[in-house]
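What follows is target_27.cif (mmCIF, C-alpha atoms and all ligand atoms).
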data_coords
#
loop_
_atom_site.label_atom_id
_atom_site.label_comp_id
_atom_site.auth_asym_id
_atom_site.auth_seq_id
_atom_site.Cartn_x
_atom_site.Cartn_y
_atom_site.Cartn_z
CA MET A 181 -35.19 -1.40 -1.59
CA GLY A 182 -31.95 0.57 -1.24
CA HIS A 183 -28.54 -0.35 -2.62
CA THR A 184 -24.92 0.57 -1.96
CA VAL A 185 -23.09 2.35 -4.77
CA ALA A 186 -19.31 2.78 -4.88
CA LEU A 187 -18.32 6.04 -6.56
CA ASN A 188 -14.76 5.78 -7.90
CA PHE A 189 -13.16 9.12 -8.62
CA GLU A 190 -10.36 9.82 -11.11
CA ASP A 191 -7.80 10.19 -8.30
CA GLY A 192 -8.45 6.66 -7.02
CA VAL A 193 -10.61 7.72 -4.06
CA THR A 194 -13.74 5.63 -3.51
CA ARG A 195 -16.82 6.75 -1.56
CA PHE A 196 -19.73 4.44 -0.82
CA ILE A 197 -23.27 5.88 -0.78
CA ASP A 198 -26.65 4.38 0.07
CA VAL A 199 -29.18 4.93 -2.69
CA ALA A 200 -32.81 4.56 -1.61
CA GLY A 201 -35.35 2.65 -3.70
CA GLY A 202 -36.49 4.90 -6.57
CA GLU A 203 -33.70 7.41 -5.93
CA SER A 204 -31.15 8.36 -8.62
CA VAL A 205 -27.42 8.00 -7.97
CA ALA A 206 -26.99 11.78 -8.41
CA ASP A 207 -29.71 12.62 -5.87
CA ALA A 208 -28.25 10.19 -3.32
CA SER A 209 -24.79 11.56 -3.93
CA TYR A 210 -25.80 15.23 -3.40
CA ARG A 211 -27.84 14.22 -0.35
CA VAL A 212 -24.59 13.24 1.38
CA GLY A 213 -22.60 16.22 0.07
CA ILE A 214 -20.76 14.51 -2.80
CA ASN A 215 -21.12 16.90 -5.71
CA ILE A 216 -20.57 14.70 -8.75
CA PRO A 217 -20.63 16.56 -12.11
CA LEU A 218 -24.22 17.60 -12.78
CA ASP A 219 -26.07 20.19 -14.83
CA CYS A 220 -29.55 19.61 -16.25
CA ARG A 221 -30.48 16.67 -13.94
CA ASP A 222 -32.83 15.72 -16.75
CA GLY A 223 -30.96 13.37 -19.08
CA ALA A 224 -30.38 16.15 -21.62
CA CYS A 225 -26.80 17.43 -21.26
CA GLY A 226 -24.57 14.37 -20.58
CA THR A 227 -22.58 16.19 -17.84
CA CYS A 228 -23.17 13.35 -15.35
CA LYS A 229 -22.03 10.56 -17.72
CA ALA A 230 -20.27 7.82 -15.74
CA PHE A 231 -18.92 4.36 -16.53
CA VAL A 232 -20.76 1.52 -14.85
CA GLU A 233 -18.16 -1.01 -13.69
CA SER A 234 -20.71 -3.38 -12.22
CA GLY A 235 -24.31 -3.72 -11.16
CA THR A 236 -27.74 -3.62 -12.74
CA PHE A 237 -29.88 -0.52 -13.00
CA ASP A 238 -32.80 1.31 -14.57
CA ALA A 239 -31.09 3.66 -17.08
CA GLY A 240 -33.96 6.18 -16.91
CA ASN A 241 -34.96 8.64 -19.62
CA TYR A 242 -32.50 10.60 -21.70
CA ILE A 243 -31.87 11.90 -25.17
CA GLU A 244 -29.23 10.71 -27.66
CA ASP A 245 -27.28 13.99 -27.23
CA ALA A 246 -26.69 13.12 -23.58
CA LEU A 247 -25.84 9.42 -24.09
CA THR A 248 -25.53 7.66 -27.43
CA ASP A 249 -26.58 4.05 -27.95
CA ASP A 250 -22.92 3.15 -28.50
CA GLU A 251 -21.95 4.73 -25.17
CA ALA A 252 -24.76 2.89 -23.41
CA ALA A 253 -23.62 -0.37 -25.04
CA GLU A 254 -20.04 0.31 -23.88
CA GLY A 255 -21.29 0.56 -20.30
CA TYR A 256 -21.87 4.28 -19.70
CA GLY A 257 -24.90 5.66 -17.95
CA LEU A 258 -26.21 8.98 -16.66
CA ALA A 259 -25.93 9.39 -12.88
CA CYS A 260 -28.93 11.75 -12.82
CA GLN A 261 -31.04 8.97 -14.37
CA ILE A 262 -29.56 5.74 -13.01
CA LYS A 263 -31.69 4.01 -10.41
CA PRO A 264 -29.80 0.99 -9.05
CA ARG A 265 -31.39 -2.47 -9.07
CA SER A 266 -28.37 -3.97 -7.29
CA ASP A 267 -25.22 -2.73 -5.58
CA MET A 268 -23.15 -0.90 -8.17
CA VAL A 269 -19.65 0.43 -8.89
CA LEU A 270 -19.55 3.66 -10.91
CA ARG A 271 -16.48 5.43 -12.34
CA VAL A 272 -17.02 9.17 -11.99
CA ALA A 273 -15.24 11.39 -14.56
CA ALA A 274 -13.88 13.86 -12.00
CA SER A 275 -11.51 13.94 -9.04
CA SER A 276 -12.80 13.54 -5.50
CA GLU A 277 -11.66 17.09 -4.75
CA ALA A 278 -13.68 18.49 -7.67
CA CYS A 279 -16.69 16.67 -6.21
CA LYS A 280 -16.02 18.25 -2.81
CA THR A 281 -15.22 14.95 -1.14
CA ARG A 282 -12.13 13.07 0.05
CA PRO A 283 -11.23 9.60 1.30
CA ALA A 284 -13.13 8.70 4.46
CA ALA A 285 -11.12 9.00 7.70
CA HIS A 286 -11.23 6.06 10.13
CA ALA A 287 -9.95 5.23 13.57
CA GLY A 288 -9.18 1.71 14.75
CA THR A 289 -6.96 -0.26 17.05
CA ILE A 290 -4.33 -2.87 16.41
CA GLY A 291 -5.61 -6.42 16.88
CA ALA A 292 -3.08 -9.20 16.37
CA VAL A 293 0.41 -8.73 14.93
CA THR A 294 1.67 -12.06 13.60
CA ARG A 295 5.16 -12.71 12.29
CA LEU A 296 4.56 -15.07 9.35
CA SER A 297 8.25 -15.41 8.47
CA ASP A 298 11.59 -13.60 8.86
CA THR A 299 10.48 -11.10 6.22
CA THR A 300 6.71 -10.82 6.52
CA VAL A 301 4.28 -9.67 9.19
CA ALA A 302 0.47 -9.80 9.18
CA PHE A 303 -1.59 -7.45 11.31
CA THR A 304 -5.25 -6.83 11.94
CA LEU A 305 -7.07 -3.56 12.51
CA ARG A 306 -10.19 -3.54 14.63
CA THR A 307 -12.43 -1.02 12.95
CA GLY A 308 -15.81 -2.61 12.50
CA PRO A 309 -16.84 -3.75 9.02
CA LEU A 310 -15.42 -1.50 6.26
CA ALA A 311 -16.78 -0.94 2.76
CA PHE A 312 -14.16 -1.21 0.01
CA LEU A 313 -13.63 -3.00 -3.27
CA PRO A 314 -11.44 -6.13 -3.04
CA GLY A 315 -7.93 -5.09 -4.13
CA GLN A 316 -8.06 -1.55 -2.70
CA TYR A 317 -5.81 -0.09 -0.03
CA VAL A 318 -5.79 2.41 2.83
CA ASN A 319 -3.29 5.04 3.94
CA ILE A 320 -2.32 4.38 7.54
CA VAL A 321 -0.74 7.10 9.65
CA VAL A 322 2.26 5.48 11.35
CA PRO A 323 1.44 6.04 15.05
CA GLY A 324 3.65 8.61 16.72
CA THR A 325 4.51 10.25 13.38
CA THR A 326 2.81 12.43 10.77
CA GLN A 327 3.77 10.06 7.95
CA HIS A 328 1.53 7.50 6.33
CA ARG A 329 2.14 4.22 4.55
CA SER A 330 -0.19 2.48 2.09
CA TYR A 331 -1.38 -1.10 2.69
CA SER A 332 -3.72 -3.27 0.65
CA PHE A 333 -6.43 -5.18 2.47
CA SER A 334 -5.79 -8.91 2.58
CA SER A 335 -9.27 -9.45 4.06
CA PRO A 336 -12.55 -9.24 2.17
CA PRO A 337 -14.86 -6.20 2.31
CA GLY A 338 -17.15 -6.18 5.32
CA ALA A 339 -15.01 -8.51 7.46
CA ALA A 340 -15.19 -7.85 11.21
CA GLU A 341 -11.45 -7.10 11.27
CA ALA A 342 -9.32 -5.78 8.42
CA THR A 343 -6.08 -7.66 7.81
CA PHE A 344 -2.86 -6.64 6.07
CA LEU A 345 0.34 -8.32 4.91
CA VAL A 346 3.56 -6.33 5.31
CA ARG A 347 7.09 -6.94 4.11
CA THR A 348 9.50 -5.90 6.84
CA ILE A 349 12.02 -3.25 5.76
CA PRO A 350 15.08 -2.93 8.05
CA GLY A 351 14.94 0.58 9.54
CA GLY A 352 11.48 1.17 8.06
CA LEU A 353 9.06 3.41 9.93
CA MET A 354 5.97 1.16 9.79
CA THR A 355 8.17 -1.91 10.18
CA GLY A 356 9.53 -0.43 13.42
CA PHE A 357 6.05 0.41 14.68
CA LEU A 358 4.76 -3.11 13.99
CA ALA A 359 7.76 -4.71 15.73
CA ALA A 360 6.77 -2.96 18.98
CA ALA A 361 2.98 -2.71 18.48
CA SER A 362 0.55 -4.07 21.07
CA PRO A 363 -3.11 -4.99 20.71
CA GLY A 364 -5.21 -1.91 21.45
CA ASP A 365 -2.74 0.64 20.02
CA ALA A 366 -4.73 3.41 18.31
CA VAL A 367 -4.37 3.79 14.52
CA GLN A 368 -5.77 6.46 12.18
CA PHE A 369 -6.21 5.80 8.49
CA THR A 370 -8.00 7.04 5.37
CA GLY A 371 -9.53 5.18 2.47
CA PRO A 372 -10.43 3.10 0.65
CA VAL A 373 -8.32 4.17 -2.31
CA GLY A 374 -7.20 2.65 -5.60
CA SER A 375 -8.35 1.63 -9.04
CA PHE A 376 -6.83 -1.85 -8.61
CA TYR A 377 -9.86 -3.87 -7.65
CA LEU A 378 -11.64 -6.96 -8.87
CA ARG A 379 -14.07 -6.24 -11.70
CA ASP A 380 -17.01 -8.51 -12.54
CA VAL A 381 -15.54 -11.86 -13.55
CA LYS A 382 -16.76 -12.26 -17.14
CA ARG A 383 -13.83 -14.24 -18.58
CA PRO A 384 -10.81 -16.19 -17.23
CA VAL A 385 -8.67 -14.30 -14.72
CA LEU A 386 -4.89 -14.40 -14.33
CA MET A 387 -3.49 -13.01 -11.07
CA LEU A 388 0.23 -12.26 -10.80
CA ALA A 389 1.59 -11.46 -7.35
CA GLY A 390 5.06 -10.49 -6.20
CA GLY A 391 5.93 -10.75 -2.49
CA THR A 392 3.37 -9.03 -0.26
CA GLY A 393 1.66 -8.02 -3.50
CA LEU A 394 -0.26 -11.19 -2.63
CA ALA A 395 -2.39 -9.19 -0.15
CA PRO A 396 -4.98 -7.73 -2.56
CA PHE A 397 -5.40 -11.13 -4.22
CA LEU A 398 -6.27 -12.74 -0.89
CA SER A 399 -9.00 -10.12 -0.53
CA MET A 400 -10.25 -10.74 -4.08
CA LEU A 401 -10.20 -14.54 -3.64
CA ASP A 402 -12.06 -14.32 -0.32
CA ARG A 403 -14.68 -12.26 -2.15
CA LEU A 404 -14.86 -14.90 -4.91
CA ALA A 405 -15.29 -17.56 -2.24
CA GLU A 406 -18.43 -15.66 -1.16
CA THR A 407 -19.83 -14.80 -4.59
CA GLY A 408 -18.52 -17.73 -6.66
CA ALA A 409 -16.57 -17.47 -9.91
CA MET A 410 -17.88 -19.16 -13.03
CA GLN A 411 -14.52 -18.76 -14.81
CA PRO A 412 -11.03 -20.22 -14.32
CA VAL A 413 -8.91 -18.07 -11.98
CA HIS A 414 -5.17 -18.77 -11.86
CA LEU A 415 -2.62 -17.12 -9.55
CA VAL A 416 1.15 -17.12 -10.00
CA TYR A 417 2.77 -15.98 -6.75
CA GLY A 418 6.47 -15.23 -6.99
CA VAL A 419 8.88 -14.21 -4.24
CA THR A 420 12.60 -13.51 -3.95
CA HIS A 421 13.59 -15.82 -1.06
CA ASP A 422 12.01 -18.89 0.56
CA ALA A 423 11.19 -16.85 3.68
CA ASP A 424 9.01 -14.49 1.60
CA LEU A 425 6.63 -17.30 0.66
CA VAL A 426 3.70 -16.95 3.10
CA GLU A 427 -0.02 -17.74 3.28
CA VAL A 428 0.35 -20.82 1.06
CA GLU A 429 -1.97 -22.83 3.31
CA ARG A 430 -4.57 -20.10 2.97
CA LEU A 431 -4.23 -20.29 -0.82
CA SER A 432 -4.67 -24.06 -0.68
CA ALA A 433 -7.86 -23.57 1.35
CA LEU A 434 -9.06 -21.08 -1.29
CA VAL A 435 -8.62 -23.76 -3.97
CA ALA A 436 -11.32 -25.70 -2.16
CA ALA A 437 -13.47 -22.58 -1.59
CA VAL A 438 -13.32 -21.01 -5.08
CA PRO A 439 -14.33 -23.40 -7.89
CA GLY A 440 -11.96 -22.98 -10.84
CA PHE A 441 -9.16 -21.47 -8.73
CA THR A 442 -5.63 -22.82 -9.16
CA PHE A 443 -2.27 -21.38 -8.16
CA GLY A 444 1.47 -21.87 -8.48
CA THR A 445 4.36 -20.42 -6.51
CA CYS A 446 7.97 -19.70 -7.48
CA VAL A 447 11.11 -18.40 -5.80
CA ALA A 448 13.72 -16.33 -7.64
CA ASP A 449 16.70 -17.19 -5.39
CA PRO A 450 18.82 -19.80 -7.28
CA GLY A 451 19.77 -21.31 -3.90
CA SER A 452 16.12 -21.91 -2.99
CA ALA A 453 14.88 -25.39 -2.11
CA HIS A 454 11.61 -24.62 -3.92
CA PRO A 455 10.90 -26.87 -6.95
CA ALA A 456 9.83 -23.90 -9.12
CA LYS A 457 12.75 -21.48 -9.29
CA GLY A 458 12.81 -18.24 -11.24
CA TYR A 459 10.61 -15.23 -11.82
CA VAL A 460 6.84 -15.10 -12.33
CA THR A 461 7.45 -14.61 -16.06
CA ASP A 462 9.29 -17.98 -16.14
CA HIS A 463 6.14 -19.68 -14.86
CA LEU A 464 3.52 -18.09 -17.09
CA ASP A 465 1.88 -20.98 -18.89
CA PRO A 466 0.44 -19.87 -22.28
CA ALA A 467 -2.68 -21.88 -21.36
CA HIS A 468 -3.37 -19.36 -18.58
CA LEU A 469 -3.49 -16.54 -21.14
CA HIS A 470 -6.47 -18.11 -22.95
CA GLY A 471 -5.26 -16.60 -26.25
CA GLY A 472 -5.74 -13.10 -24.81
CA ASN A 473 -9.32 -13.70 -23.58
CA VAL A 474 -8.22 -13.05 -20.03
CA ASP A 475 -8.36 -10.29 -17.40
CA VAL A 476 -4.88 -9.86 -15.93
CA TYR A 477 -4.31 -8.42 -12.45
CA LEU A 478 -0.73 -7.71 -11.41
CA CYS A 479 0.57 -6.47 -8.06
CA GLY A 480 3.98 -6.27 -6.44
CA PRO A 481 7.22 -4.27 -6.25
CA PRO A 482 7.66 -1.73 -9.08
CA ALA A 483 10.52 -3.65 -10.79
CA MET A 484 8.49 -6.86 -10.91
CA VAL A 485 5.41 -5.07 -12.27
CA GLU A 486 7.47 -3.39 -14.99
CA ALA A 487 9.21 -6.67 -15.93
CA ILE A 488 5.87 -8.43 -16.37
CA ARG A 489 4.34 -5.59 -18.36
CA GLN A 490 7.41 -5.71 -20.64
CA HIS A 491 7.02 -9.49 -20.92
CA PHE A 492 3.47 -9.06 -22.22
CA THR A 493 4.65 -6.45 -24.72
CA ASP A 494 7.50 -8.72 -25.89
CA THR A 495 5.28 -11.78 -26.32
CA GLY A 496 2.66 -9.75 -28.19
CA VAL A 497 -0.24 -11.00 -26.06
CA THR A 498 -2.81 -8.30 -25.41
CA PRO A 499 -5.14 -9.36 -22.59
CA ALA A 500 -8.77 -8.22 -22.70
CA SER A 501 -7.92 -6.04 -19.72
CA PHE A 502 -4.84 -5.41 -17.63
CA TYR A 503 -4.89 -3.89 -14.13
CA PHE A 504 -1.82 -3.35 -12.00
CA GLU A 505 -0.70 -1.91 -8.68
CA LYS A 506 2.89 -1.06 -7.77
CA PHE A 507 3.95 -1.12 -4.12
CA VAL A 508 6.05 2.00 -4.56
CA PRO A 509 8.04 2.80 -1.38
CA SER A 510 6.98 6.16 0.05
CA GLY A 511 9.05 9.11 -1.16
CA VAL A 512 9.91 7.31 -4.42
CA VAL A 513 8.59 9.06 -7.52
CA THR A 514 7.77 6.89 -10.53
CA SER A 515 7.27 7.99 -14.10
CA SER A 516 4.42 5.59 -14.95
CA ALA A 517 1.09 5.13 -13.21
C1 LIG B 1 -0.70 1.53 -3.31
C2 LIG B 1 0.30 0.86 -2.39
C3 LIG B 1 -0.07 -0.27 -1.68
C4 LIG B 1 0.86 -0.90 -0.86
N1 LIG B 1 0.48 -2.04 -0.20
C5 LIG B 1 1.42 -2.72 0.53
C6 LIG B 1 1.08 -3.96 1.16
O1 LIG B 1 -0.08 -4.42 1.14
N2 LIG B 1 2.08 -4.63 1.81
C7 LIG B 1 3.37 -4.13 1.88
O2 LIG B 1 4.24 -4.80 2.46
N3 LIG B 1 3.69 -2.96 1.32
C8 LIG B 1 2.75 -2.23 0.67
N4 LIG B 1 3.09 -1.03 0.10
C9 LIG B 1 4.40 -0.43 0.46
C10 LIG B 1 4.24 0.28 1.84
O3 LIG B 1 3.37 1.39 1.71
C11 LIG B 1 5.55 0.79 2.45
O4 LIG B 1 6.25 1.56 1.49
C12 LIG B 1 6.45 -0.34 2.95
O5 LIG B 1 5.73 -1.17 3.85
C13 LIG B 1 7.69 0.22 3.69
O6 LIG B 1 7.26 0.97 4.81
P1 LIG B 1 8.21 1.22 6.06
O7 LIG B 1 7.63 2.40 6.79
O8 LIG B 1 8.42 -0.04 6.86
O9 LIG B 1 9.61 1.63 5.44
P2 LIG B 1 10.07 3.12 5.05
O10 LIG B 1 10.33 3.92 6.27
O11 LIG B 1 9.10 3.67 4.05
O12 LIG B 1 11.43 2.82 4.27
C14 LIG B 1 12.72 2.81 4.88
C15 LIG B 1 13.76 2.85 3.75
O13 LIG B 1 13.68 1.65 2.97
C16 LIG B 1 13.37 1.94 1.61
N5 LIG B 1 12.39 0.96 1.15
C17 LIG B 1 11.09 0.90 1.46
N6 LIG B 1 10.49 -0.17 0.86
C18 LIG B 1 11.46 -0.79 0.17
C19 LIG B 1 11.49 -1.93 -0.66
N7 LIG B 1 10.40 -2.66 -0.91
N8 LIG B 1 12.67 -2.28 -1.22
C20 LIG B 1 13.80 -1.56 -0.98
N9 LIG B 1 13.83 -0.46 -0.22
C21 LIG B 1 12.69 -0.07 0.36
C22 LIG B 1 12.76 3.35 1.63
O14 LIG B 1 12.94 4.03 0.39
C23 LIG B 1 13.52 4.00 2.76
O15 LIG B 1 14.78 4.47 2.32
C24 LIG B 1 2.17 -0.38 -0.72
C25 LIG B 1 2.53 0.78 -1.42
C26 LIG B 1 1.61 1.40 -2.24
C27 LIG B 1 2.01 2.63 -2.99
S1 LIG B 2 -27.01 16.14 -15.51
FE1 LIG B 2 -27.54 16.46 -17.57
S2 LIG B 2 -27.78 14.41 -18.30
FE2 LIG B 2 -27.44 14.14 -16.18
#

Please render this file's structure as structure tokens.
Amino acid sequence: MGHTVALNFEDGVTRFIDVAGGESVADASYRVGINIPLDCRDGACGTCKAFVESGTFDAGNYIEDALTDDEAAEGYGLACQIKPRSDMVLRVAASSEACKTRPAAHAGTIGAVTRLSDTTVAFTLRTGPLAFLPGQYVNIVVPGTTQHRSYSFSSPPGAAEATFLVRTIPGGLMTGFLAAASPGDAVQFTGPVGSFYLRDVKRPVLMLAGGTGLAPFLSMLDRLAETGAMQPVHLVYGVTHDADLVEVERLSALVAAVPGFTFGTCVADPGSAHPAKGYVTDHLDPAHLHGGNVDVYLCGPPAMVEAIRQHFTDTGVTPASFYFEKFVPSGVVTSSA
């Protein structure tokens, strides 16, 4: 029986390949023209060493020089030897360009464009089911221009239509397109891209969202509604103004759909009518940090992401893992990844 393997490259590009029963990941990869690092193909050199993010597999035959027991225990495997027993996610130690591949190009059409509030718009792309990891994004060419903007999926992988959540920026290029868009408008995009995606849930999860940084969490939570989560998952969703608070009903429905899921919202504006005022950091309950035994996912505007990272440094809590995505406006260069 075949399985789907996501190959994540160092530059954030992800390609999905079908690996036939009994086939190695390396053979399947070369079959479709993705030249992952490879030399001996025999489990002897270690050139094809890759980190297995998720999935079960037959590790094959290899010598200690190629992969030590410690490396295998840490989660590494050899792509020339790995034969998947389930769908897998593999981190390849090379860029997509070095492997002679690039993000997949797609064409779709606009479905619905829904104004959720004065500041936030949701839109759907009709593309047919897309493979991506929940939390990833695509680069959409703004129709009528040569520029692209990045948007995180707010729908789960494989959904019939892909959905997105967009903060409206006065004078913004994509904002302007969406204000006038009609169902059926053609859209080109590439992806999926990004290393911000939901890993296997092995311990409690804390999700921290700022504004439309909620989008990737909706995708992750929809996935958890399908697969189940055996751990507590808590989301703190903070916005600047009351109008920015959207999709709360959907989050409430997810509480019923994902066992162990809870969430809280807060609004920074001191004039807000919301009962929980302040920043996300003001509403971080130490209980949700589980003494550090927690995977933290953080997404939102760059200033919010930096403030929360600093908060963790200041409080001295080191989570088991920490993943973040900054919604950096296009053309803005940042010094940290
Ligand atoms: C990896 C990634 C994922 C992203 N995912 C999402 C997403 O899911 N939802 C979402 O809403 N956005 C997301 N963004 C941001 C998005 O790509 C655009 O930058 C944003 O939607 C503005 O596009 P625009 O064309 O409307 O405005 P632009 O034409 O890009 O901007 C017009 C002007 O406004 C400024 N500007 C742009 N954004 C802001 C801002 N937030 N605050 C202040 N000034 C600003 C610009 O610098 C420019 O001067 C993501 C960004 C990245 C890097
Ligand atoms: S290519 Fe040499 S160990 Fe896989």

Query raised in the report: atom CA of Ala433 of chain A and atom CA of Asp402 of chain A, how far apart in Å?
Result: 10.3 Å

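Distances here use only C-alpha atoms and all ligand atoms; by that measure, the residue among A:Ala186, A:Leu258, A:Gly235, A:Arg211 closest to ligand LIG 2 (chain B) is A:Leu258.
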
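Atom pair atom CA of Thr307 of chain A / atom O1 of ligand LIG 1 (chain B) has a distance of 17.4 Å (rounded to one decimal).
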
**Report entry** atom CA of Gly352 of chain A to atom O14 of ligand LIG 1 (chain B), straight-line distance in Å
**Finding:** 8.3 Å

Query - Near-segment 383-391 of chain A list (7 Å; only C-alpha atoms; drop same-chain fewer than 2 positions) as a list in words - result: Val381, Gly393, Leu394, Gln411, Pro412, Val413, His414, Leu415, Val416, Tyr417, Gly418, Val419, Asp424, His468, Asn473, Val474, Asp475, Val476, Tyr477, Leu478, Cys479, Gly480, Pro481 and Met484 of chain A

Query - Shell of 6 Å around ligand LIG 1 (chain B) (only C-alpha atoms and all ligand atoms), written as a VMD selection string - result: chain A and resid 317 329 to 332 345 to 349 351 to 355 392 395 507 to 510

Query raised in the report: Taking into account all atoms listed in the file, which residue in the set A:Ala360, A:Leu270, A:Leu313, A:Ala500 is nearest to Phe237 of chain A?
Result: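 Selected residue with least distance to Phe237 of chain A: A:Leu270.
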
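Every residue within 9 Å of the file position (-28.7, 16.5, -19.2), judged by all atoms listed in the file, is given as Leu218, Asp219, Cys220, Arg221, Asp222, Gly223, Ala224, Cys225, Gly226, Thr227, Cys228, Tyr242, Ile243, Asp245, Ala246, Leu258 and Cys260 of chain A.
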
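Taking all atoms listed in the file into account, ligand LIG 2 (chain B) lies nearest to A:Gly257 out of the set A:Gly257, A:Gly201, A:Pro482, A:Gly364.
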
Query raised in the report: Counting only C-alpha atoms, which of A:Gln490, A:Ser399, A:Thr370, A:Ser297 gets nearest to Gly338 of chain A?
Result: A:Ser399

Requested in this report: Please identify all polymer residues within 9 Å of Gly472 of chain A, counting only C-alpha atoms, omitting same-chain residues fewer than 4 positions from it, and present them as an MDAnalysis selection string.
Outcome: chainID A and resid 497:501

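If you measure from each of A:Ala467, A:Ala230, A:Ala423, A:Ile290 to Ile262 of chain A using all atoms listed in the file, the closest one turns out to be A:Ala230.
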